[in-house]
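Written out below as structure tokens is the structure these notes cover.
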Amino acid sequence: MPKVVVDWLYVGVFAAVGIVLTVIPLVVVWLLAPRLSLPQKQLTYESGVIPFGQAWAQFNVRYYLFALIFVVFDVEVIYLYPWAVVFRDLGAFAFYEMLVFLLILFVGLIYAWRKGALEWV
Amino acid sequence: MAWLLEILKAAALAVLIFTFLAVVGAMYGVYLERKISGWIQARIGPKHVGPYGLLQTVADTVKLLQKEHITPRRADALIFNTAPLIVAVAALLDWVVIPFGTGFGRVLVVRDINIGVLYFAAMASITVIGILAAGWASNNKYALLGGLRSASQMISYEIPLALGILWVAMIAGTLSTVGIVEAQRGGWFLFKVPPLGLLAAVLFLAAATAEVNRVPFDLPEAESELVAGYFAEYTGMRFALFQLGEYGEMFGMAALASVLFLGGWLEPNLPVWVWAALGVAALATAAYVRFSALRTVYLLRPITALAVLGAVLCGVMILGAVLGRSPVLPSLIWFFAKMFALVFFLMWMRWTYPRLRLDQLLNLSWKVLLPAGLLNLLLTGFLLTVAR
């Protein structure tokens, strides 16, 4: 078998065994722990008062802005990985190319910065 | 049949590493955290269950196994119950690529995946999904706020984390964790291309601290404002699974930091006089603590113990050098020493720095660490290609 296949087979087995091993303590709890259902017990915690309305409400849109910027830079980082491994062999030309690529992204960062997308008001 | 054998081997290794995480990472991680917190705050910490309180967390686990599971009526039961599993399994998956040392003629690593460090970063970021799911499914306002804060923080710090890893990949010329350690035979990456290696290490460590939601970046769990953040509604064993995930991830980050910057399992290659100086410094510290006003503090015993341990280590190294043995101590000892030193550092930081505000936290990531990391990469690229 090729090594790559075995590598990811291990990862798959780790995930499967991990799920089984985390479910086992939950089964033990199901066997051992008491189960007594009271309406008060099933309320969510809200500093001791009866919860007011749902928590599934609107929340700050700023989280979404940060997620968008994150996507841009995370994809950029993925592109940097192959360059980082072989940049010595590629030499100066690849470095200048990466410089241009990063400069464009820097412009994007500065734009987001100036527009106030990085401010938490 | 070959693949069946591989699956059985993988399953055995998974059970082994999970046990390691549950016992060393979660149980004794919590014990260490409580003990070190106690010492730093001039308390004693756990001391009643077992010698030096060593069985405290074992007793806690047994207690948690008997606690009732409460799923709030208005919570989304399916997502609520799977969220802790996601966090715990993600922490386990981190450890596939961590090399522990050498022995039996091979490197002790589960799989030396060719994109190891990228894989680690990917698995570490799965935790975000579990935390966000937990915060959202609880239908609790504190949990939702904690989950959202955590998600925004973790995605913000994933980029500095990746930039720190990338710097190491540039110097080592490989993404495999074993390859990175082998490339440090000449010297730790922490001191490569000074001071850029140090900068990359600081980037990585700051981002790793934020990724595992620890002080000073522990806003998601800010107990004084958000109760407990995203796991406010979790009881008993499911709460313990979150703890397992968190400590597993913390130990994983410490292990990866030691692999990336401190030479992993490799023995530090220092001259004899440096070891002698370190040993004398350790003994001097012990003597100073012993005979100064500091002796009234509870720190006396742990510092003395650590200093004596350090002096013994230096003595062993000098003896080994005199006898002409090349690796004086087994590689596993070095790996765990570096990992626990970093874990101790993270716990120390918890009682040293106050919590950041959310805007300060995001500013630090986007306006300081991200540009610094990118410039670091560019400067390294420039120095190693154009300026050579």
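Chains: A, B, ... in order of the structure tokens. Residues: from 1 per chain. Ligands: from 1, in order shown.
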
Note to self: Neighbouring residues of stretch 352-358 of chain B were defined as those with any atom within 12 Å, considering only C-alpha atoms; residues of the same chain fewer than 4 positions away were excluded. Please report them as a PyMOL selection string.
What the structure shows: (chain A and resi 62-63+118-121) or (chain B and resi 37+40-41+145-146+148-150+152-153+156+210+213-225+345-348+362-365)

Residues of the last selection are to be written out with C-alpha atoms, as a short mmCIF file (atom, residue, chain, number, x, y, z; two decimals), in the first residue's frame.
data_model
loop_
_atom_site.label_atom_id
_atom_site.label_comp_id
_atom_site.auth_asym_id
_atom_site.auth_seq_id
_atom_site.Cartn_x
_atom_site.Cartn_y
_atom_site.Cartn_z
CA ARG A 62 -18.91 42.23 13.48
CA TYR A 63 -18.28 38.53 14.04
CA LEU A 118 -10.82 45.61 12.14
CA GLU A 119 -12.30 47.88 14.81
CA TRP A 120 -14.48 46.42 17.52
CA VAL A 121 -16.81 49.23 18.51
CA SER B 37 -1.95 27.87 40.79
CA ILE B 40 1.83 30.90 42.75
CA GLN B 41 -0.94 32.24 44.97
CA LEU B 145 -21.67 34.88 23.68
CA GLY B 146 -18.86 32.63 24.87
CA LEU B 148 -19.07 33.43 19.40
CA ARG B 149 -16.19 35.10 21.19
CA SER B 150 -14.27 31.88 21.11
CA SER B 152 -13.85 34.92 16.50
CA GLN B 153 -10.76 34.59 18.67
CA SER B 156 -8.24 35.36 14.29
CA ALA B 210 -5.23 32.03 22.18
CA ASN B 213 -8.42 29.74 25.14
CA ARG B 214 -6.01 30.27 27.98
CA VAL B 215 -5.16 33.39 29.95
CA PRO B 216 -4.51 36.14 28.86
CA PHE B 217 -6.78 35.14 25.97
CA ASP B 218 -9.46 33.34 27.97
CA LEU B 219 -12.38 35.63 27.14
CA PRO B 220 -14.62 32.77 25.99
CA GLU B 221 -14.55 31.35 29.49
CA ALA B 222 -14.28 34.62 31.38
CA GLU B 223 -15.84 33.20 34.54
CA SER B 224 -16.49 36.60 36.07
CA GLU B 225 -18.63 37.81 33.17
CA PHE B 345 5.01 28.31 31.17
CA LEU B 346 1.39 28.45 30.00
CA MET B 347 0.15 27.85 33.55
CA TRP B 348 2.54 30.43 34.93
CA LEU B 362 -8.56 41.27 17.97
CA ASN B 363 -6.28 44.28 17.50
CA LEU B 364 -3.32 42.28 18.72
CA SER B 365 -4.05 39.54 16.22
#

Margin query: as number ranges by chain, please: every residue in chain A that a backbone DSSP assignment puts in alpha helix (DSSP H).
Written below: A: 3-32, 62-90, 92-114

Checklist line | Interatomic distance (Å, one decimal) between atom CA of B:Trp275 and atom CA of B:Pro194 | finding: 22.6 Å

Checklist line | chain B contacts on chain A, only C-alpha atoms, 8 Å, as number ranges by chain | finding: A: 4, 6-7, 9-11, 13-15, 17-19, 21-23, 25-26, 28-29, 32-35, 41-46, 54-56, 63, 66-67, 70, 73-74, 77, 80-81, 84-88, 91-92, 95, 99, 102, 118-121
